[in-house]
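Encoded as structure tokens, the structure appears first; notes follow it.
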Amino acid sequence: MKTRTLVFPASLLLISLSAAQDPAVKSWNKRVLTKDFLTEGLSAGDLDGDGVTDLVAGAFWFKGPDFKEAINYRPGKALPVNVYQEDSFLSWIDDVNGDGKNDILMASRPGKEITLYLNPGNTGEWAAHQVMTEAATESPIWTDLFGDGKKEFVCMQGGKFGYAKPDPADVTRPWSFIAISEKRTDSPYIHGLGTGDLNGDKRPDIVEKDGWFEQPAAKDGAWVWHKEMFAGKGGAQMLVFDADGDGDNDVITSLNGHGYGLAWYETIRSEGKITFARHEILSENPEVKGADGLQFSQLHSLASGDFDGDGRLDFVTGKRYYAHNGKDPGAEDPALAVIFYNRKDGNGIRWQPQVIDSDSGVGCQVLAVDLNRDGKLEIAAGDKKGVYLFNP
């Protein structure tokens with residue numbers, strides 16, 4: 001395959017915001033990199049070693065800082081919205097083989113393969129290495145699970161939760177999978193997954209829609225299962241951070257990635273035990289409106305970040321437009337992208353929504369990232385509406 005370089009016209013729009021009257025809320029600019037359907041999710045990182053962040057959307061990488069060039073690094077093209085980008089649901093940019101150049105890790109459709117594309121350091125097609133033949137769940141995670149500077153791939157395999165890790169001697173060899181649970185399902189499409197320290201022992205735990213796995217002190221020890229019904233059908237990325245500022249981490253999750261509902265779970269510690277108090281943000285009932293009269297479906301990706309610079313972590317989410325090609329509840333409603341600002345409210349908190357766009361959505365992956373290194377977070381997303389950026 002010959003490497004193709006495309007130049008997409010980039011448009012810049014100023015979005016009218018639902019919460020614009022609040023002086024604490026910023027206006028956001030939308031930039032459309034392309035309206036082509038290239039990917040179900042996207043990633044950010046420096047691919048050409050120039051110190052500037054680039055974006056990966058399916059078979060293309062967009063060269064920063066202007067993102068006008070879209071360069072093929074593997075075979076692939078834009079598709080119509082009534083199909084799936086089977087080989088591009090989520091991706092991550094990282095130096096997987098430790099040679100000083102960032103590579104691309106790509107997740108295909110849930111339950112299918114994970115492919116590692118090693119950075120050749122020049123133009124042309126990148127070598128593809130299938131490192132996993134099965135990686136289930138809708139929102140797998142590439143993260144440093146043990147705090148040793150080495151990342152693992154958290155997902156499911158054979159119906160079991162666990163993680164895969166590369167062979168440091170040769171990262172292109174098949175990655176070994178370590179299960180931490182018994183078999184739970186025959187379906188690869190389990191929704192809802194996250195990592196973070198819930199019990200305060202400084203070790204990340206693994207969170208899923210039906211509970212959480214406590215990481216043992218010994219690396220080869222058994223992970224302890226704690227049942228907790230966070231979400232019935234499950235949503236997307238489950239965020240773990242200290243939402244209310246009381247010193248322990250809480251859980252934020254959508255409740256149905258193809259329906260309705262959003263909640264945060266306040267962690268409560270008492271006499272050595274951990275319980276969770278559920279606080280609804282958006283109802284699972286489509287007829288019930290949330291703050292500012294807001295309600296929308298298919299909250300299939302979330303990302304946390306301090307979007308207004310007040311020192312409190314907020315999060316961004318939105319609709320995964322046409323996830324099942326128009327067969328989901330609310331499929332024809334506007335494809336919203338929404339920030340939920342974390343506001344102190346007496347002894348508790350409230351989540352103040354701001355609709356930053358009504359014609360984009362968030363796909364399977366949304367990013368909160370400082371693309372231009374000015375100390376302010378941008379939002380990047382890619383789905384069936386295209387690839388787009390939002391900056392304050």
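How things are named: the first chain in the structure tokens is A, the next is B, and so on; residues count from 1 in each chain; ligands count from 1 in the order shown.
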
Open item on the list: Give me, as a list in words, all polymer residues having an atom no more than 12 Å from Gly375 in chain A, counting only C-alpha atoms and skipping those fewer than 4 positions away in the same chain.
Closed with: Gly305, Asp306, Phe307, Asp308, Gly309, Ala368, Val369, Asp370, Leu371, Asn391 and Pro392 of chain A

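Take CA of Ala381 in chain A and CA of Gly162 in chain A: the distance between them is 27.2 Å.
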
TODO: Might you pull out every residue within 8 Å of Tyr260 in chain A, with only C-alpha atoms counted and same-chain residues fewer than 6 positions away left off, and present them as a list in words?
DONE: Ser254, Leu282, Ser283, Glu284, Asn285, Pro286, Gln295, Phe296, Ser297, Gln298 and Leu299 of chain A

Can I get the selected residues back with N, CA, C and O atoms, as a PDB file, in the first residue's frame?
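Produced file out_2.pdb, reproduced below:
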```
ATOM      1  N   SER A 254     -21.902   6.049  33.274  1.00  0.00           N
ATOM      2  CA  SER A 254     -23.200   6.004  32.603  1.00  0.00           C
ATOM      3  C   SER A 254     -23.824   4.653  32.941  1.00  0.00           C
ATOM      4  O   SER A 254     -23.126   3.694  33.286  1.00  0.00           O
ATOM      5  N   LEU A 282     -28.440  11.816  35.612  1.00  0.00           N
ATOM      6  CA  LEU A 282     -29.477  11.720  34.589  1.00  0.00           C
ATOM      7  C   LEU A 282     -30.244  10.425  34.809  1.00  0.00           C
ATOM      8  O   LEU A 282     -29.655   9.376  35.061  1.00  0.00           O
ATOM      9  N   SER A 283     -31.551  10.495  34.692  1.00  0.00           N
ATOM     10  CA  SER A 283     -32.409   9.347  34.958  1.00  0.00           C
ATOM     11  C   SER A 283     -32.305   8.299  33.847  1.00  0.00           C
ATOM     12  O   SER A 283     -32.034   8.608  32.678  1.00  0.00           O
ATOM     13  N   GLU A 284     -32.562   7.044  34.231  1.00  0.00           N
ATOM     14  CA  GLU A 284     -32.687   5.978  33.241  1.00  0.00           C
ATOM     15  C   GLU A 284     -34.018   6.071  32.496  1.00  0.00           C
ATOM     16  O   GLU A 284     -34.207   5.415  31.468  1.00  0.00           O
ATOM     17  N   ASN A 285     -34.938   6.865  33.035  1.00  0.00           N
ATOM     18  CA  ASN A 285     -36.225   7.102  32.388  1.00  0.00           C
ATOM     19  C   ASN A 285     -36.075   8.249  31.392  1.00  0.00           C
ATOM     20  O   ASN A 285     -35.788   9.385  31.782  1.00  0.00           O
ATOM     21  N   PRO A 286     -36.246   8.004  30.096  1.00  0.00           N
ATOM     22  CA  PRO A 286     -36.032   9.062  29.110  1.00  0.00           C
ATOM     23  C   PRO A 286     -36.956  10.249  29.252  1.00  0.00           C
ATOM     24  O   PRO A 286     -36.666  11.333  28.732  1.00  0.00           O
ATOM     25  N   GLN A 295     -31.515  15.700  28.906  1.00  0.00           N
ATOM     26  CA  GLN A 295     -31.637  14.248  28.844  1.00  0.00           C
ATOM     27  C   GLN A 295     -31.172  13.794  27.464  1.00  0.00           C
ATOM     28  O   GLN A 295     -31.526  14.404  26.445  1.00  0.00           O
ATOM     29  N   PHE A 296     -30.346  12.765  27.416  1.00  0.00           N
ATOM     30  CA  PHE A 296     -29.896  12.217  26.139  1.00  0.00           C
ATOM     31  C   PHE A 296     -29.451  10.775  26.351  1.00  0.00           C
ATOM     32  O   PHE A 296     -29.210  10.337  27.472  1.00  0.00           O
ATOM     33  N   SER A 297     -29.353  10.041  25.251  1.00  0.00           N
ATOM     34  CA  SER A 297     -29.073   8.605  25.326  1.00  0.00           C
ATOM     35  C   SER A 297     -27.682   8.285  24.792  1.00  0.00           C
ATOM     36  O   SER A 297     -26.997   9.124  24.233  1.00  0.00           O
ATOM     37  N   GLN A 298     -27.303   7.020  24.973  1.00  0.00           N
ATOM     38  CA  GLN A 298     -26.084   6.424  24.410  1.00  0.00           C
ATOM     39  C   GLN A 298     -24.808   7.097  24.895  1.00  0.00           C
ATOM     40  O   GLN A 298     -23.934   7.468  24.110  1.00  0.00           O
ATOM     41  N   LEU A 299     -24.684   7.226  26.211  1.00  0.00           N
ATOM     42  CA  LEU A 299     -23.484   7.797  26.828  1.00  0.00           C
ATOM     43  C   LEU A 299     -22.397   6.716  26.848  1.00  0.00           C
ATOM     44  O   LEU A 299     -22.218   6.002  27.827  1.00  0.00           O
TER      45      LEU A 299
END
```

Task: Non-local contacts of Gly361 in chain A (10 Å; only C-alpha atoms; under 4 positions in same chain excluded) as a ChimeraX atom specification - done: /A:298-301,317-322,334-338,357,366,381-386,388

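Around range 192-196 of chain A, within 7 Å and counting only C-alpha atoms, the residues found are Ser139, Pro140, Pro204, Asp205, Ile206, Val207, Glu208, Lys209, Gly234, Gly235, Ala236, Gln237, Met238, Leu239 and Val240 of chain A, once anything fewer than 3 positions away on its own chain is removed.
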
Can those selected residues be exported to a file as a PDB file, in the first residue's frame so that it contains N, CA, C and O atoms?
```pdb
ATOM      1  N   SER A 139     -15.045  -1.232  26.696  1.00  0.00           N
ATOM      2  CA  SER A 139     -14.133  -0.127  27.031  1.00  0.00           C
ATOM      3  C   SER A 139     -12.874  -0.654  27.707  1.00  0.00           C
ATOM      4  O   SER A 139     -12.626  -0.381  28.892  1.00  0.00           O
ATOM      5  N   PRO A 140     -12.048  -1.428  26.972  1.00  0.00           N
ATOM      6  CA  PRO A 140     -10.790  -1.899  27.560  1.00  0.00           C
ATOM      7  C   PRO A 140      -9.885  -0.733  27.908  1.00  0.00           C
ATOM      8  O   PRO A 140     -10.074   0.392  27.437  1.00  0.00           O
ATOM      9  N   PRO A 204      -4.282   0.491  42.334  1.00  0.00           N
ATOM     10  CA  PRO A 204      -5.498   0.583  41.516  1.00  0.00           C
ATOM     11  C   PRO A 204      -6.312  -0.707  41.565  1.00  0.00           C
ATOM     12  O   PRO A 204      -5.764  -1.806  41.448  1.00  0.00           O
ATOM     13  N   ASP A 205      -7.598  -0.548  41.744  1.00  0.00           N
ATOM     14  CA  ASP A 205      -8.532  -1.666  41.667  1.00  0.00           C
ATOM     15  C   ASP A 205      -9.194  -1.647  40.289  1.00  0.00           C
ATOM     16  O   ASP A 205      -9.030  -0.695  39.524  1.00  0.00           O
ATOM     17  N   ILE A 206      -9.906  -2.700  39.963  1.00  0.00           N
ATOM     18  CA  ILE A 206     -10.620  -2.776  38.695  1.00  0.00           C
ATOM     19  C   ILE A 206     -12.116  -2.730  38.983  1.00  0.00           C
ATOM     20  O   ILE A 206     -12.627  -3.508  39.787  1.00  0.00           O
ATOM     21  N   VAL A 207     -12.797  -1.795  38.327  1.00  0.00           N
ATOM     22  CA  VAL A 207     -14.221  -1.560  38.548  1.00  0.00           C
ATOM     23  C   VAL A 207     -14.990  -1.996  37.310  1.00  0.00           C
ATOM     24  O   VAL A 207     -14.562  -1.738  36.181  1.00  0.00           O
ATOM     25  N   GLU A 208     -16.097  -2.672  37.518  1.00  0.00           N
ATOM     26  CA  GLU A 208     -16.999  -3.001  36.404  1.00  0.00           C
ATOM     27  C   GLU A 208     -18.435  -2.774  36.859  1.00  0.00           C
ATOM     28  O   GLU A 208     -18.677  -2.404  37.995  1.00  0.00           O
ATOM     29  N   LYS A 209     -19.385  -2.979  35.970  1.00  0.00           N
ATOM     30  CA  LYS A 209     -20.747  -2.539  36.242  1.00  0.00           C
ATOM     31  C   LYS A 209     -21.387  -3.237  37.435  1.00  0.00           C
ATOM     32  O   LYS A 209     -22.297  -2.683  38.065  1.00  0.00           O
ATOM     33  N   GLY A 234     -24.861  -1.434  32.055  1.00  0.00           N
ATOM     34  CA  GLY A 234     -23.503  -0.939  31.915  1.00  0.00           C
ATOM     35  C   GLY A 234     -23.393   0.125  30.849  1.00  0.00           C
ATOM     36  O   GLY A 234     -24.174   0.159  29.896  1.00  0.00           O
ATOM     37  N   GLY A 235     -22.396   0.996  31.024  1.00  0.00           N
ATOM     38  CA  GLY A 235     -22.276   2.119  30.123  1.00  0.00           C
ATOM     39  C   GLY A 235     -21.005   2.134  29.314  1.00  0.00           C
ATOM     40  O   GLY A 235     -20.952   1.615  28.210  1.00  0.00           O
ATOM     41  N   ALA A 236     -19.951   2.690  29.872  1.00  0.00           N
ATOM     42  CA  ALA A 236     -18.747   2.956  29.096  1.00  0.00           C
ATOM     43  C   ALA A 236     -17.568   2.991  30.050  1.00  0.00           C
ATOM     44  O   ALA A 236     -17.483   2.191  30.974  1.00  0.00           O
ATOM     45  N   GLN A 237     -16.642   3.935  29.819  1.00  0.00           N
ATOM     46  CA  GLN A 237     -15.546   4.125  30.756  1.00  0.00           C
ATOM     47  C   GLN A 237     -16.115   4.522  32.120  1.00  0.00           C
ATOM     48  O   GLN A 237     -16.905   5.464  32.206  1.00  0.00           O
ATOM     49  N   MET A 238     -15.722   3.809  33.152  1.00  0.00           N
ATOM     50  CA  MET A 238     -16.135   4.134  34.515  1.00  0.00           C
ATOM     51  C   MET A 238     -15.004   4.936  35.156  1.00  0.00           C
ATOM     52  O   MET A 238     -13.875   4.453  35.264  1.00  0.00           O
ATOM     53  N   LEU A 239     -15.303   6.169  35.543  1.00  0.00           N
ATOM     54  CA  LEU A 239     -14.289   7.069  36.076  1.00  0.00           C
ATOM     55  C   LEU A 239     -14.140   6.882  37.572  1.00  0.00           C
ATOM     56  O   LEU A 239     -15.129   6.737  38.297  1.00  0.00           O
ATOM     57  N   VAL A 240     -12.913   6.880  38.033  1.00  0.00           N
ATOM     58  CA  VAL A 240     -12.621   6.740  39.461  1.00  0.00           C
ATOM     59  C   VAL A 240     -11.743   7.914  39.874  1.00  0.00           C
ATOM     60  O   VAL A 240     -10.585   8.011  39.480  1.00  0.00           O
TER      61      VAL A 240
END
```

Fewer than 4 positions away in the same chain doesn't count, so skip those; otherwise give me all residues within 12 Å of Asp244 in chain A, counting only C-alpha atoms, as a tab-separated table (two decimals) with C-alpha atoms, in the first residue's frame.
```tsv
chain	number	residue	atom	x	y	z
A	240	VAL	CA	-12.62	6.74	39.46
A	248	ASP	CA	-11.28	9.01	48.85
A	249	ASN	CA	-12.14	8.09	45.29
A	250	ASP	CA	-15.69	7.89	43.98
A	251	VAL	CA	-17.15	6.27	40.84
A	252	ILE	CA	-18.85	8.05	37.93
A	264	TRP	CA	-22.00	9.04	40.57
A	265	TYR	CA	-21.35	6.79	43.54
A	266	GLU	CA	-20.03	8.42	46.69
A	267	THR	CA	-17.58	6.21	48.55
A	268	ILE	CA	-18.37	5.94	52.26
A	279	HIS	CA	-26.51	9.97	43.31
A	311	GLY	CA	-8.97	22.53	40.83
A	312	ARG	CA	-11.98	20.19	40.81
A	313	LEU	CA	-12.21	17.29	38.37
A	314	ASP	CA	-15.09	17.49	35.88
A	342	ASN	CA	-18.05	19.62	39.46
A	343	ARG	CA	-19.60	22.27	41.73
A	344	LYS	CA	-19.54	22.40	45.51
A	345	ASP	CA	-23.08	22.46	46.86
A	346	GLY	CA	-23.28	22.84	50.65
A	347	ASN	CA	-21.75	19.69	52.11
A	348	GLY	CA	-22.11	17.86	48.81
A	349	ILE	CA	-21.63	18.48	45.09
A	350	ARG	CA	-23.74	18.99	42.01
A	351	TRP	CA	-22.89	18.39	38.38
```

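As for CA of Ser360 in chain A and CA of Phe153 in chain A, they are spaced 28.3 Å apart.
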
Hey, what's within 7 Å of Ala107 in chain A if we count only C-alpha atoms and toss same-chain stuff fewer than 3 positions away? As a short mmCIF file (atom, residue, chain, number, x, y, z; two decimals) with C-alpha atoms, in the first residue's frame, please?
```
data_model
loop_
_atom_site.label_atom_id
_atom_site.label_comp_id
_atom_site.auth_asym_id
_atom_site.auth_seq_id
_atom_site.Cartn_x
_atom_site.Cartn_y
_atom_site.Cartn_z
CA ASP A 87 -10.76 -2.66 13.12
CA SER A 88 -10.86 0.68 14.95
CA PHE A 89 -13.02 0.91 18.09
CA LEU A 90 -10.43 2.33 20.50
CA SER A 91 -6.73 3.18 20.28
CA GLU A 113 -8.08 -8.76 18.16
CA ILE A 114 -5.70 -6.14 19.52
CA THR A 115 -3.12 -4.96 16.98
#
```

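Taking only C-alpha atoms into account, Asn102 in chain A lies nearest to A:Trp126 out of the set A:Trp126, A:Tyr163, A:Trp175, A:Phe230.
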
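Atom to atom, CA of Asn372 in chain A and CA of Ile93 in chain A stand 16.8 Å apart.
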